[in-house]
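First up is the structure itself, then whatever we jot down about it.
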Amino acid sequence: MVNLGFSIGSLKFKNPVLTASGTFGYGSEFEDFFDVSRLGGIIVKGTTLESREGNPYPRMAETPSGMLNSVGLQNKGIDHFEKEIYPRIASYDTNVIVNVNGSFIEDYVALAERIDRLGRITAIELNISCPNVKMGGMAFGTNPVTAREVIRAVRSVYSRILIVKLSPNVTDIVEFARIAEEEGADSVSLINTLLGMAVDLKNRKPSLSTITGGLSGPAIKPVALRMVWQVAGAVKIPVIGIGGIMTPSDAIEFILAGASAIQVGTASFIDPMASILILEGIREYLAEGNFTDIRDITGLLHMNS
Amino acid sequence: MAKRIEDFEVIGKQYLTDDIFILELSAEDILPVLLPGQFVQVRIDGSPETFLRRPFSIHDADFSTNRIKLLIQVAGKGTAVLSKLNNGDHLNLVYPLGNSFSNPSGNEKILLVGGGCGVAPLLFLGKHLNSQGYVPDILLGFRNSTSIIEYKEYGKTGRVFLTTEDGSAGEKGYVTQHPVLEAEKYDRLYCCGPDPMLKAVARYAGSKGIQCEVTLENLMACGIGACLCCVVETVRGNLCTCIDGPVFNINDLKW
């Protein structure tokens, strides 16, 4: 038997495979394909206080080994989530985590307070890194002063596990990870999408209605891996690795680089089974290497260097 | 209707024009219920530039042999890969996806309208209507006489009317200029094709108060309602083409 479990603070996860916000809906979209409760956790769609329509179509462009999106946090707001979604997903036998967004610090705080009262939501992922909204999102997460303010404000009202999702669109991501740790975050997840762009030659226009958007997929994996390695070497709180993970090997690279867990994102668009196949692959890799615990390989690269 | 992820075997490829072909696929299992208007997401392997699946509407389905047909126009790198498949190759499909055309009722007189490669879901729809006792009229628009596809196949499901842009076959002009639209009184229209055609047909149907459904082909990534990339503006807000569509009633669209 291989132990795949790990903890963030007091919160236990049965395995290190989570799904990235915005790529897995509310879990129910994938129930036809496998039992989503087998995952270590589900991070649901980015949620805001108010209902949002998101950005105009087109919001997506395929790029080499990846895609750009500029969805812009389309969601029906916390009232709808609490009434319609929460009762349904509260029965999942795994950690259900809400990705929290806002335009102002007050929005983040009000939303975190609301979610704190939902007993089955065991953690929030504070999204200060969405590149596709005019206000808030990445604007908070790319400025050390505002990043600190929003994390501090949310920490003061939110009693459960706080994960901060970091933007790669900064000079030094380690600085932001340290700020999160200093302000009492229990974990950091990285990376959100990289700001990118594509051009439609036929129409001689940007491919996205918003001109720029977030790049995801295997194209960003080396960048994500480098950042996870840097951050894991600099903070003591658990690091969750995200960025272009398509296969079990990709996931294991992140774990060796110091990630306690990983999130599967864009891969779920191409293979709805990707996350569960990655989980099975990690288990096999550990068994083949005669490891009995995932923690035996977490951050192995740091121990060796 | 449960979605599946399954491998299909390529058992036939038939070119209808220089760049449009039918790909016939055999399921390894018994086909589930498939409805006209629904689509499949095909995985394209082998190149970093064909990263995402490609959506194709179900052109035809044979439940006795567990086979489906896709109508494909070579338009980019993904369809170019598909055009090179041979019998015996396997394709991975996520299906069945999306909603379907709504059923007609009573003695409604039905017209199917399609243009170019966008006719794809209409053959399956025509056969489905036949099985319910309806014989639709079918109005097809093409660029010229050499781009006409499956004229005879459609003829088996109903009365076919034809337009070509250059007048080299059928009536000259666009589908909305065909005299049958004035000669007959239709109760219900189902329409597939390029956006300008859908909008022109929707304007015609709207002005006559005819029930009209169109299929949209918005760019999409996942096909299962997770990525929210394929949205269309409707009276109920942004909806996903992949799960709330691809078939929409024109009264719901903010065109």
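Ordering of the structure tokens sets the chain letters (A, B, ...); residue numbers start at 1 within each chain; ligands are numbered from 1 in the order shown.
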Write out as JSON, numbers by chain the set of residues from segment 8-256 of chain A that DSSP, computed on the backbone, places in strand (DSSP E or B). {"A": [8, 11, 12, 13, 17, 18, 19, 41, 42, 43, 44, 45, 46, 47, 52, 60, 61, 62, 63, 66, 67, 68, 69, 75, 95, 96, 97, 98, 99, 100, 121, 122, 123, 124, 125, 126, 127, 161, 162, 163, 164, 165, 187, 188, 189, 190, 194, 195, 196, 197, 199, 200, 205, 206, 212, 213, 214, 215, 216, 239, 240, 241, 242]}
Using only C-alpha atoms, I'd like every residue of chain A that has an atom within 6 Å of chain B; please write them out as an MDAnalysis selection string. chainID A and resid 23:25 32 59:60 64:65 269:270
Let me see the file: selected residues, C-alpha atoms, as a PDB file, in the first residue's frame.
```
ATOM      1  CA  THR A  23     -11.412  23.720 -15.778  1.00  0.00           C
ATOM      2  CA  PHE A  24     -13.647  21.319 -13.877  1.00  0.00           C
ATOM      3  CA  GLY A  25     -16.904  23.233 -13.492  1.00  0.00           C
ATOM      4  CA  ASP A  32     -20.467  10.721 -16.294  1.00  0.00           C
ATOM      5  CA  ARG A  59     -12.859  33.826 -25.425  1.00  0.00           C
ATOM      6  CA  MET A  60     -10.586  31.039 -26.565  1.00  0.00           C
ATOM      7  CA  PRO A  64       0.897  25.415 -29.857  1.00  0.00           C
ATOM      8  CA  SER A  65       0.639  22.909 -26.975  1.00  0.00           C
ATOM      9  CA  PHE A 269     -10.653  19.592 -21.595  1.00  0.00           C
ATOM     10  CA  ILE A 270      -8.834  17.119 -23.805  1.00  0.00           C
TER      11      ILE A 270
END
```
Neighbouring residues of Asp200 of chain A were defined as those with any atom within 12 Å, considering only C-alpha atoms; residues of the same chain fewer than 6 positions away were excluded. Please report them as an MDAnalysis selection string. chainID A and resid 58 60:63 206:209 211
Just-selected residues, N, CA and C atoms written as a compact mmCIF listing (two decimals), in the first residue's frame:
```txt
# COMPACT_ATOMS: atom_id res chain seq x y z
N PRO A 58 -15.18 36.05 -29.03
CA PRO A 58 -14.46 34.83 -28.70
C PRO A 58 -13.56 34.96 -27.46
N MET A 60 -11.50 32.18 -26.56
CA MET A 60 -10.59 31.04 -26.56
C MET A 60 -9.80 31.03 -27.88
N ALA A 61 -8.55 30.64 -27.80
CA ALA A 61 -7.76 30.44 -29.01
C ALA A 61 -6.79 29.30 -28.75
N GLU A 62 -6.75 28.37 -29.68
CA GLU A 62 -5.78 27.27 -29.56
C GLU A 62 -4.41 27.80 -29.95
N THR A 63 -3.39 27.44 -29.19
CA THR A 63 -2.02 27.85 -29.50
C THR A 63 -1.15 26.60 -29.40
N PRO A 206 -7.11 40.58 -33.23
CA PRO A 206 -6.71 39.68 -32.14
C PRO A 206 -7.69 38.50 -32.08
N SER A 207 -7.20 37.32 -31.71
CA SER A 207 -8.08 36.15 -31.66
C SER A 207 -9.10 36.24 -30.53
N LEU A 208 -8.75 36.97 -29.47
CA LEU A 208 -9.65 37.10 -28.32
C LEU A 208 -10.31 38.47 -28.32
N SER A 209 -11.55 38.51 -27.85
CA SER A 209 -12.27 39.79 -27.78
C SER A 209 -11.57 40.76 -26.84
N ILE A 211 -8.33 40.94 -26.48
CA ILE A 211 -6.97 41.07 -27.05
C ILE A 211 -5.98 40.14 -26.35
```
Would you kindly return, as a PDB file with N, CA and C atoms, in the first residue's frame, each protein, DNA or RNA residue with an atom no farther than 8 Å from any atom of segment 78-89 of chain B, considering only C-alpha atoms and excluding same-chain residues fewer than 4 positions away?
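Just written: part.pdb:
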```
ATOM      1  N   GLU B   9     -13.390   2.853 -34.550  1.00  0.00           N
ATOM      2  CA  GLU B   9     -12.506   2.434 -35.638  1.00  0.00           C
ATOM      3  C   GLU B   9     -12.954   3.087 -36.945  1.00  0.00           C
ATOM      4  N   VAL B  10     -11.987   3.596 -37.688  1.00  0.00           N
ATOM      5  CA  VAL B  10     -12.295   4.160 -39.005  1.00  0.00           C
ATOM      6  C   VAL B  10     -12.580   3.005 -39.950  1.00  0.00           C
ATOM      7  N   ILE B  11     -13.772   3.018 -40.569  1.00  0.00           N
ATOM      8  CA  ILE B  11     -14.085   1.930 -41.503  1.00  0.00           C
ATOM      9  C   ILE B  11     -14.400   2.449 -42.901  1.00  0.00           C
ATOM     10  N   GLY B  12     -14.321   3.752 -43.088  1.00  0.00           N
ATOM     11  CA  GLY B  12     -14.533   4.256 -44.434  1.00  0.00           C
ATOM     12  C   GLY B  12     -14.288   5.748 -44.526  1.00  0.00           C
ATOM     13  N   LYS B  13     -13.805   6.151 -45.701  1.00  0.00           N
ATOM     14  CA  LYS B  13     -13.585   7.581 -45.941  1.00  0.00           C
ATOM     15  C   LYS B  13     -13.972   7.833 -47.394  1.00  0.00           C
ATOM     16  N   PHE B  21     -15.201  15.386 -46.973  1.00  0.00           N
ATOM     17  CA  PHE B  21     -15.297  13.930 -46.975  1.00  0.00           C
ATOM     18  C   PHE B  21     -16.168  13.443 -45.829  1.00  0.00           C
ATOM     19  N   ILE B  44      -7.437  14.759 -31.604  1.00  0.00           N
ATOM     20  CA  ILE B  44      -6.504  14.792 -32.730  1.00  0.00           C
ATOM     21  C   ILE B  44      -5.105  14.640 -32.154  1.00  0.00           C
ATOM     22  N   THR B  50      -2.360  20.770 -32.799  1.00  0.00           N
ATOM     23  CA  THR B  50      -3.753  20.297 -32.715  1.00  0.00           C
ATOM     24  C   THR B  50      -3.962  19.786 -31.298  1.00  0.00           C
ATOM     25  N   ARG B  54     -11.688  18.383 -31.596  1.00  0.00           N
ATOM     26  CA  ARG B  54     -12.451  19.091 -32.623  1.00  0.00           C
ATOM     27  C   ARG B  54     -13.891  18.606 -32.597  1.00  0.00           C
ATOM     28  N   ILE B  72     -16.885  16.121 -42.890  1.00  0.00           N
ATOM     29  CA  ILE B  72     -15.743  16.960 -42.500  1.00  0.00           C
ATOM     30  C   ILE B  72     -15.208  17.738 -43.692  1.00  0.00           C
ATOM     31  N   GLN B  73     -14.982  19.022 -43.485  1.00  0.00           N
ATOM     32  CA  GLN B  73     -14.333  19.837 -44.504  1.00  0.00           C
ATOM     33  C   GLN B  73     -12.912  20.140 -44.047  1.00  0.00           C
ATOM     34  N   VAL B  74     -11.949  19.897 -44.916  1.00  0.00           N
ATOM     35  CA  VAL B  74     -10.563  20.190 -44.541  1.00  0.00           C
ATOM     36  C   VAL B  74     -10.400  21.708 -44.494  1.00  0.00           C
TER      37      VAL B  74
END
```
Nearest to Ile148 of chain B among B:Asn130, B:Ser168, B:Ser207, B:Gln38, with distances taken over only C-alpha atoms: which residue is it? B:Ser168
Quick one: residues within 12 Å of Arg203 of chain B, only C-alpha atoms, excluding same-chain residues fewer than 2 positions away - as a ChimeraX atom specification? /B:176,189,196-201,205-214,250-251,253,255
Lys69 of chain B environment, 7 Å, only C-alpha atoms, sequence neighbours closer than 5 positions dropped, as a PyMOL selection string: chain B and resi 22-25+58-61
Just the selected residues (N, CA and C atoms), exported as a CSV table (one decimal), in the first residue's frame, please.
```csv
chain,number,residue,atom,x,y,z
B,22,ILE,N,-16.6,12.2,-46.0
B,22,ILE,CA,-17.4,11.6,-44.9
B,22,ILE,C,-16.5,10.5,-44.3
B,23,LEU,N,-16.4,10.6,-43.0
B,23,LEU,CA,-15.6,9.6,-42.2
B,23,LEU,C,-16.6,8.7,-41.5
B,24,GLU,N,-16.5,7.4,-41.8
B,24,GLU,CA,-17.4,6.4,-41.2
B,24,GLU,C,-16.7,5.7,-40.1
B,25,LEU,N,-17.3,5.7,-38.9
B,25,LEU,CA,-16.7,5.2,-37.7
B,25,LEU,C,-17.5,4.1,-37.1
B,58,ILE,N,-23.1,15.0,-35.6
B,58,ILE,CA,-23.3,13.6,-36.1
B,58,ILE,C,-24.1,13.8,-37.4
B,59,HIS,N,-23.5,13.3,-38.5
B,59,HIS,CA,-24.1,13.4,-39.8
B,59,HIS,C,-25.1,12.3,-40.1
B,60,ASP,N,-24.8,11.1,-39.5
B,60,ASP,CA,-25.7,10.0,-39.7
B,60,ASP,C,-25.3,8.9,-38.6
B,61,ALA,N,-26.3,8.1,-38.3
B,61,ALA,CA,-26.0,7.1,-37.3
B,61,ALA,C,-26.8,5.8,-37.7
```
Which of segment 38-131 of chain B counts as helix (DSSP H, G or I) under DSSP, as a VMD selection string please? chain B and resid 77 to 83 116 to 119 122 to 131
Excluding same-chain residues fewer than 4 positions from Arg117 of chain A, what lies within 10 Å of it counting only C-alpha atoms, as a PyMOL selection string? chain A and resi 112-113+121+158-160
Residue selection dump (C-alpha atoms) as a short mmCIF file (atom, residue, chain, number, x, y, z; two decimals), in the first residue's frame:
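File written: part_38.cif
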```cif
data_model
loop_
_atom_site.label_atom_id
_atom_site.label_comp_id
_atom_site.auth_asym_id
_atom_site.auth_seq_id
_atom_site.Cartn_x
_atom_site.Cartn_y
_atom_site.Cartn_z
CA ALA A 112 -14.81 34.82 2.29
CA GLU A 113 -17.15 35.52 5.23
CA ILE A 121 -16.29 24.03 1.92
CA TYR A 158 -11.78 33.41 7.14
CA SER A 159 -11.28 30.68 9.74
CA ARG A 160 -10.60 27.63 7.59
#
```
Measure the distance from atom CA of Arg67 of chain B to atom CA of Lys127 of chain B in Å and round it to one decimal.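 We find that atom CA of Arg67 of chain B and atom CA of Lys127 of chain B lie 15.1 Å from each other.
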Each residue of segment 32-71 of chain A lying at most 9 Å from segment 123-142 of chain A should get a row with its shortest atom-to-atom pair and the distance in Å to one decimal, counting only C-alpha atoms; could you produce that, ordered by chain and increasing number, as a Markdown table?
```
| residue | atom | partner | partner_atom | distance |
| --- | --- | --- | --- | --- |
| A:Ile43 | CA | A:Glu125 | CA | 7.8 |
| A:Gly46 | CA | A:Asn127 | CA | 7.9 |
| A:Gly54 | CA | A:Val133 | CA | 8.3 |
| A:Asn55 | CA | A:Asn132 | CA | 8.1 |
| A:Asn69 | CA | A:Asn132 | CA | 8.2 |
| A:Ser70 | CA | A:Asn132 | CA | 5.3 |
| A:Val71 | CA | A:Asn132 | CA | 6.8 |
```
Write out, as a CSV table (one decimal), in the first residue's frame, the residues just selected, with N, CA and C atoms.
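Final output, selection26.csv:
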```csv
chain,number,residue,atom,x,y,z
A,43,ILE,N,-11.5,22.0,-6.9
A,43,ILE,CA,-11.5,23.5,-6.8
A,43,ILE,C,-12.5,24.0,-7.8
A,46,GLY,N,-14.3,29.9,-10.4
A,46,GLY,CA,-14.1,31.1,-9.8
A,46,GLY,C,-15.4,31.8,-9.5
A,54,GLY,N,-19.0,37.6,-17.7
A,54,GLY,CA,-17.7,37.3,-18.3
A,54,GLY,C,-17.5,38.2,-19.5
A,55,ASN,N,-16.5,37.8,-20.3
A,55,ASN,CA,-16.1,38.6,-21.4
A,55,ASN,C,-16.8,38.2,-22.7
A,69,ASN,N,-7.3,31.7,-22.9
A,69,ASN,CA,-8.7,31.9,-22.6
A,69,ASN,C,-8.9,33.3,-22.0
A,70,SER,N,-10.0,33.9,-22.2
A,70,SER,CA,-10.4,35.1,-21.5
A,70,SER,C,-11.8,35.1,-21.1
A,71,VAL,N,-12.2,34.0,-20.4
A,71,VAL,CA,-13.5,33.8,-19.9
A,71,VAL,C,-14.0,35.0,-19.0
```
Work out how far atom CA of Val40 of chain B is from atom CA of Ala202 of chain B, in Å to one decimal.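 Between these atoms lies a distance of 25.5 Å.
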